[in-house]
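K.L.:
Handing you a structure now.
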Amino acid sequence: KADGNCWEYIDFEGYSNGANWDAGNSNHNASYSIFKKINVTNGSIVASNSFDNSSNSGITFSNSVNRKLYWVGGNGDWSDSTHWSLSSGGLPGACLPTPIDSIIFDDNSSTSASLNVTLMDNAYCGDFIITVNAPYVAFSNSNSELNVHGSMYFDRIANIQASLNLRAYKANEVLRTKFSYIRDLRFYADSSQYLVLDSLRVGDLNQNQGSILGNGNYLSISRYWGRNDSLVNQNSEILLNRAWVYNYWDVSNASIRINREMHLYGNIEANGS
């Protein structure tokens, strides 16, 4: 039996080709857990208030309802429920965001012009939204990670120093960042495509899974690692400091500036660039 709670989910993830879980010819229960790439054999798991984060088998999930959660109370830690409310500026104390919940920073998130969010534990959300009238939002660097399972809709600039993992499994998601600085952006999206709607500014970008459609927007990337899927950004401007390209690029008619080094192991379409 594995029991988390709505303030601290248990995260089960099988890496690479996934993990096998031998249930020992028994049926087990779990609650407030997140599963990805877990194959249960010789029995089963019934997971209540839990989330299927793709590529699982042998697990029965109870239905969960997606919510809109609003940050309130100014500076604080993501895992502190006193910063989450079911309404803008509303009562605090809501259960922490899950991979299917949209989270919103707006004008009622703080009485100050800026706010800082810390991550004492790994954090999860569906869509990540910052409204135009929100304070300046900064996420501190930490050993914990922010996992975004939907799209990012920023209508004002922010500073994301925490590692940000994009883990969507829907076919199409959106990145609109208002040229916010993202120190460490990692794509772990199964069969998803991200449409970039405006300029993207990143320190380290790891494209492990999931395609990037740049839509002709300016990309500024200090260090890029492309391991799988594709990056398509025709008729654009791309600034790179260092890059290791093992995947497919289509950057036809693009202006590409490389300050230090670029290692090409994949296929690149760059006619007119």
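So you can find residues: chains in the structure tokens are A, B, ... in the order shown, residues in each start at 1, and ligands are numbered from 1 in order.
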Would you mind listing what lies within 10 Å of A:Asn165 as a list in words, with only C-alpha atoms counted and same-chain residues fewer than 3 positions away left out?

P.N.:
Tyr124, Glu145, Leu146, Asn147, Val148, His149, Ala162, Ala168, Asp184, Leu185, Arg186, Phe187, Tyr188, Ala189 and Asn206 of chain A

K.L.:
Please dump the current selection as an mmCIF file, in the first residue's frame; keep N, CA and C atoms.

P.N.:
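Wrote again.cif, looks like this:
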```cif
data_model
loop_
_atom_site.group_PDB
_atom_site.id
_atom_site.type_symbol
_atom_site.label_atom_id
_atom_site.label_comp_id
_atom_site.auth_asym_id
_atom_site.auth_seq_id
_atom_site.Cartn_x
_atom_site.Cartn_y
_atom_site.Cartn_z
ATOM 1 N N TYR A 124 4.275 20.037 -9.760
ATOM 2 C CA TYR A 124 3.554 19.598 -10.944
ATOM 3 C C TYR A 124 2.427 20.583 -11.251
ATOM 4 N N GLU A 145 12.402 20.213 -9.084
ATOM 5 C CA GLU A 145 12.064 20.539 -10.467
ATOM 6 C C GLU A 145 10.587 20.883 -10.603
ATOM 7 N N LEU A 146 10.289 21.747 -11.553
ATOM 8 C CA LEU A 146 8.915 22.094 -11.904
ATOM 9 C C LEU A 146 8.538 21.324 -13.161
ATOM 10 N N ASN A 147 7.513 20.486 -13.070
ATOM 11 C CA ASN A 147 7.053 19.658 -14.186
ATOM 12 C C ASN A 147 5.749 20.215 -14.739
ATOM 13 N N VAL A 148 5.805 20.709 -15.965
ATOM 14 C CA VAL A 148 4.635 21.304 -16.616
ATOM 15 C C VAL A 148 4.097 20.308 -17.632
ATOM 16 N N HIS A 149 2.855 19.876 -17.436
ATOM 17 C CA HIS A 149 2.257 18.834 -18.262
ATOM 18 C C HIS A 149 1.303 19.392 -19.312
ATOM 19 N N ALA A 162 14.547 27.708 -11.510
ATOM 20 C CA ALA A 162 14.383 26.286 -11.243
ATOM 21 C C ALA A 162 14.378 25.503 -12.559
ATOM 22 N N ALA A 168 4.310 17.104 -21.442
ATOM 23 C CA ALA A 168 2.983 16.919 -22.029
ATOM 24 C C ALA A 168 2.914 15.614 -22.806
ATOM 25 N N ASP A 184 16.937 26.444 -17.232
ATOM 26 C CA ASP A 184 17.138 25.034 -17.598
ATOM 27 C C ASP A 184 15.800 24.474 -18.073
ATOM 28 N N LEU A 185 15.639 24.325 -19.391
ATOM 29 C CA LEU A 185 14.386 23.867 -19.991
ATOM 30 C C LEU A 185 14.609 22.497 -20.611
ATOM 31 N N ARG A 186 13.795 21.515 -20.185
ATOM 32 C CA ARG A 186 13.966 20.141 -20.633
ATOM 33 C C ARG A 186 12.665 19.625 -21.229
ATOM 34 N N PHE A 187 12.754 19.048 -22.406
ATOM 35 C CA PHE A 187 11.594 18.470 -23.082
ATOM 36 C C PHE A 187 11.582 16.961 -22.853
ATOM 37 N N TYR A 188 10.542 16.476 -22.164
ATOM 38 C CA TYR A 188 10.317 15.048 -21.957
ATOM 39 C C TYR A 188 8.892 14.709 -22.374
ATOM 40 N N ALA A 189 8.494 15.132 -23.533
ATOM 41 C CA ALA A 189 7.098 15.033 -23.954
ATOM 42 C C ALA A 189 6.935 13.888 -24.949
ATOM 43 N N ASN A 206 17.456 21.101 -23.249
ATOM 44 C CA ASN A 206 17.609 19.683 -23.559
ATOM 45 C C ASN A 206 16.345 19.189 -24.255
#
```

K.L.:
I'd like the neighbourhood of stretch 88-104 of chain A as a PyMOL selection string, where a residue qualifies if any of its atoms comes within 8 Å (using only C-alpha atoms), though same-chain residues fewer than 2 positions away should be ignored.

P.N.:
chain A and resi 6-8+51+53+65-72+78-86+106+108-109+123-131+147-150

K.L.:
Store the residues picked out above in a file with C-alpha atoms, as a compact mmCIF listing (two decimals), in the first residue's frame.

P.N.:
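Output file result16.txt follows:
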```
# COMPACT_ATOMS: atom_id res chain seq x y z
CA CYS A 6 -2.85 15.98 -1.39
CA TRP A 7 0.05 18.05 -0.05
CA GLU A 8 2.72 15.48 -0.98
CA PHE A 51 -2.67 10.36 -12.10
CA ASN A 53 1.17 10.29 -16.61
CA VAL A 65 -11.20 16.45 -11.86
CA ASN A 66 -8.93 19.16 -13.25
CA ARG A 67 -8.96 22.46 -11.37
CA LYS A 68 -7.83 26.05 -11.76
CA LEU A 69 -5.57 27.00 -8.88
CA TYR A 70 -4.49 30.56 -8.08
CA TRP A 71 -1.32 31.56 -6.26
CA VAL A 72 -2.04 33.83 -3.29
CA TRP A 78 5.07 25.76 -3.88
CA SER A 79 4.40 22.92 -1.42
CA ASP A 80 2.77 25.25 1.11
CA SER A 81 -1.00 24.94 0.61
CA THR A 82 -1.55 28.40 2.13
CA HIS A 83 -0.43 29.76 -1.26
CA TRP A 84 -3.07 27.92 -3.31
CA SER A 85 -6.69 28.93 -3.72
CA LEU A 86 -9.58 27.83 -5.92
CA ASP A 106 -2.45 37.16 -11.41
CA ASN A 108 -4.14 39.00 -6.59
CA SER A 109 -1.09 36.77 -6.15
CA ALA A 123 6.23 20.38 -8.35
CA TYR A 124 3.55 19.60 -10.94
CA CYS A 125 0.93 21.43 -12.95
CA GLY A 126 -1.00 21.30 -16.21
CA ASP A 127 -1.09 24.71 -17.92
CA PHE A 128 1.19 27.38 -16.42
CA ILE A 129 -0.35 30.85 -16.72
CA ILE A 130 0.94 34.32 -15.77
CA THR A 131 -1.51 37.12 -16.54
CA ASN A 147 7.05 19.66 -14.19
CA VAL A 148 4.64 21.30 -16.62
CA HIS A 149 2.26 18.83 -18.26
CA GLY A 150 0.44 21.34 -20.47
```

K.L.:
Taking into account only C-alpha atoms, which residue in the set A:Ser31, A:Ser236, A:Ser110, A:Ser87 is nearest to A:Gly74?

P.N.:
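Nearest to A:Gly74: A:Ser110.
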
K.L.:
Residues of stretch 118-167 of chain A in strand (DSSP E or B) according to DSSP, as a PyMOL selection string?

P.N.:
chain A and resi 118+123-125+128-130+136-139+145-148+152-154+159-166

K.L.:
Could you give me, as a PyMOL selection string, the residues within 7 Å of stretch 111-120 of chain A, counting only C-alpha atoms and dropping anything in the same chain fewer than 4 positions from it?

P.N.:
chain A and resi 74-79+135-140+142+144

K.L.:
Can I get the selection written as an mmCIF file, in the first residue's frame, with all heavy atoms?

P.N.:
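Result written to out06.cif:
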```
data_model
loop_
_atom_site.group_PDB
_atom_site.id
_atom_site.type_symbol
_atom_site.label_atom_id
_atom_site.label_comp_id
_atom_site.auth_asym_id
_atom_site.auth_seq_id
_atom_site.Cartn_x
_atom_site.Cartn_y
_atom_site.Cartn_z
ATOM 1 N N GLY A 74 1.717 36.132 -1.796
ATOM 2 C CA GLY A 74 3.068 36.627 -2.015
ATOM 3 C C GLY A 74 4.127 35.552 -2.008
ATOM 4 O O GLY A 74 3.904 34.419 -2.454
ATOM 5 N N ASN A 75 5.321 35.886 -1.485
ATOM 6 C CA ASN A 75 6.449 34.957 -1.498
ATOM 7 C C ASN A 75 6.126 33.666 -0.753
ATOM 8 O O ASN A 75 5.411 33.684 0.258
ATOM 9 C CB ASN A 75 7.671 35.598 -0.838
ATOM 10 C CG ASN A 75 8.170 36.833 -1.559
ATOM 11 O OD1 ASN A 75 7.900 37.018 -2.745
ATOM 12 N ND2 ASN A 75 8.891 37.680 -0.846
ATOM 13 N N GLY A 76 6.683 32.563 -1.231
ATOM 14 C CA GLY A 76 6.469 31.316 -0.510
ATOM 15 C C GLY A 76 6.908 30.096 -1.285
ATOM 16 O O GLY A 76 7.421 30.202 -2.406
ATOM 17 N N ASP A 77 6.702 28.936 -0.673
ATOM 18 C CA ASP A 77 7.088 27.666 -1.282
ATOM 19 C C ASP A 77 5.886 27.006 -1.948
ATOM 20 O O ASP A 77 4.767 27.031 -1.404
ATOM 21 C CB ASP A 77 7.668 26.719 -0.234
ATOM 22 C CG ASP A 77 8.287 25.489 -0.874
ATOM 23 O OD1 ASP A 77 9.429 25.598 -1.371
ATOM 24 O OD2 ASP A 77 7.632 24.428 -0.907
ATOM 25 N N TRP A 78 6.126 26.418 -3.100
ATOM 26 C CA TRP A 78 5.072 25.757 -3.879
ATOM 27 C C TRP A 78 4.321 24.728 -3.053
ATOM 28 O O TRP A 78 3.108 24.564 -3.192
ATOM 29 C CB TRP A 78 5.713 25.102 -5.103
ATOM 30 C CG TRP A 78 4.783 24.423 -6.061
ATOM 31 C CD1 TRP A 78 4.112 23.247 -5.866
ATOM 32 C CD2 TRP A 78 4.421 24.867 -7.373
ATOM 33 N NE1 TRP A 78 3.370 22.923 -6.972
ATOM 34 C CE2 TRP A 78 3.538 23.898 -7.917
ATOM 35 C CE3 TRP A 78 4.771 25.965 -8.149
ATOM 36 C CZ2 TRP A 78 3.004 24.013 -9.205
ATOM 37 C CZ3 TRP A 78 4.247 26.084 -9.434
ATOM 38 C CH2 TRP A 78 3.363 25.122 -9.947
ATOM 39 N N SER A 79 5.009 24.009 -2.190
ATOM 40 C CA SER A 79 4.400 22.915 -1.424
ATOM 41 C C SER A 79 3.600 23.396 -0.215
ATOM 42 O O SER A 79 3.049 22.565 0.518
ATOM 43 C CB SER A 79 5.484 21.938 -0.962
ATOM 44 O OG SER A 79 6.140 21.358 -2.069
ATOM 45 N N PRO A 135 2.224 40.272 -10.676
ATOM 46 C CA PRO A 135 3.537 40.792 -10.284
ATOM 47 C C PRO A 135 4.643 40.067 -11.045
ATOM 48 O O PRO A 135 4.403 39.067 -11.722
ATOM 49 C CB PRO A 135 3.595 40.494 -8.782
ATOM 50 C CG PRO A 135 2.643 39.373 -8.579
ATOM 51 C CD PRO A 135 1.548 39.551 -9.586
ATOM 52 N N TYR A 136 5.845 40.591 -10.918
ATOM 53 C CA TYR A 136 7.003 39.929 -11.521
ATOM 54 C C TYR A 136 7.262 38.638 -10.749
ATOM 55 O O TYR A 136 7.516 38.655 -9.543
ATOM 56 C CB TYR A 136 8.220 40.848 -11.457
ATOM 57 C CG TYR A 136 9.499 40.244 -11.968
ATOM 58 C CD1 TYR A 136 9.727 40.101 -13.334
ATOM 59 C CD2 TYR A 136 10.491 39.813 -11.082
ATOM 60 C CE1 TYR A 136 10.912 39.551 -13.806
ATOM 61 C CE2 TYR A 136 11.669 39.265 -11.548
ATOM 62 C CZ TYR A 136 11.872 39.133 -12.907
ATOM 63 O OH TYR A 136 13.053 38.581 -13.372
ATOM 64 N N VAL A 137 7.196 37.490 -11.443
ATOM 65 C CA VAL A 137 7.302 36.178 -10.804
ATOM 66 C C VAL A 137 8.697 35.611 -11.037
ATOM 67 O O VAL A 137 9.174 35.552 -12.177
ATOM 68 C CB VAL A 137 6.240 35.210 -11.354
ATOM 69 C CG1 VAL A 137 6.391 33.839 -10.719
ATOM 70 C CG2 VAL A 137 4.830 35.760 -11.103
ATOM 71 N N ALA A 138 9.355 35.201 -9.945
ATOM 72 C CA ALA A 138 10.665 34.565 -10.041
ATOM 73 C C ALA A 138 10.627 33.231 -9.299
ATOM 74 O O ALA A 138 10.089 33.149 -8.188
ATOM 75 C CB ALA A 138 11.741 35.466 -9.456
ATOM 76 N N PHE A 139 11.169 32.191 -9.926
ATOM 77 C CA PHE A 139 11.324 30.885 -9.289
ATOM 78 C C PHE A 139 12.794 30.705 -8.942
ATOM 79 O O PHE A 139 13.660 30.780 -9.811
ATOM 80 C CB PHE A 139 10.875 29.766 -10.229
ATOM 81 C CG PHE A 139 9.401 29.517 -10.244
ATOM 82 C CD1 PHE A 139 8.533 30.429 -10.830
ATOM 83 C CD2 PHE A 139 8.866 28.370 -9.679
ATOM 84 C CE1 PHE A 139 7.167 30.209 -10.851
ATOM 85 C CE2 PHE A 139 7.506 28.135 -9.690
ATOM 86 C CZ PHE A 139 6.642 29.055 -10.284
ATOM 87 N N SER A 140 13.086 30.459 -7.671
ATOM 88 C CA SER A 140 14.469 30.301 -7.227
ATOM 89 C C SER A 140 15.062 28.990 -7.715
ATOM 90 O O SER A 140 14.353 27.992 -7.879
ATOM 91 C CB SER A 140 14.551 30.345 -5.695
ATOM 92 O OG SER A 140 14.100 31.582 -5.205
ATOM 93 N N SER A 142 16.900 25.537 -7.343
ATOM 94 C CA SER A 142 16.891 24.533 -6.278
ATOM 95 C C SER A 142 17.187 23.175 -6.882
ATOM 96 O O SER A 142 17.295 23.018 -8.098
ATOM 97 C CB SER A 142 15.536 24.509 -5.565
ATOM 98 O OG SER A 142 14.553 23.928 -6.387
ATOM 99 N N SER A 144 15.078 20.789 -6.667
ATOM 100 C CA SER A 144 13.775 20.269 -7.077
ATOM 101 C C SER A 144 13.398 20.829 -8.447
ATOM 102 O O SER A 144 13.981 21.809 -8.921
ATOM 103 C CB SER A 144 12.711 20.635 -6.036
ATOM 104 O OG SER A 144 13.028 20.062 -4.784
#
```

K.L.:
Take atom CA of A:His263 and atom CA of A:Leu240 and report the distance between them in Å, one decimal.

P.N.:
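Atom CA of A:Leu240 lies 11.7 Å from atom CA of A:His263.
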
K.L.:
Do you know which residues are at most 8 Å from A:Ile59 counting only C-alpha atoms, after dropping those on the same chain fewer than 5 positions away, and could you put them as a PyMOL selection string?

P.N.:
chain A and resi 40+44-47

K.L.:
Which residues are near A:Phe179? Cut-off 6 Å, only C-alpha atoms, ignore same chain within fewer than 5 positions. Put them as an MDAnalysis selection string.

P.N.:
chainID A and resid 199:201

K.L.:
Under the rule that only C-alpha atoms are counted, which of A:Ala243, A:Ile238, A:Ala171, A:Leu164 is the nearest residue to A:Asp190?

P.N.:
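Distance minimum relative to A:Asp190 lands on A:Ala171.
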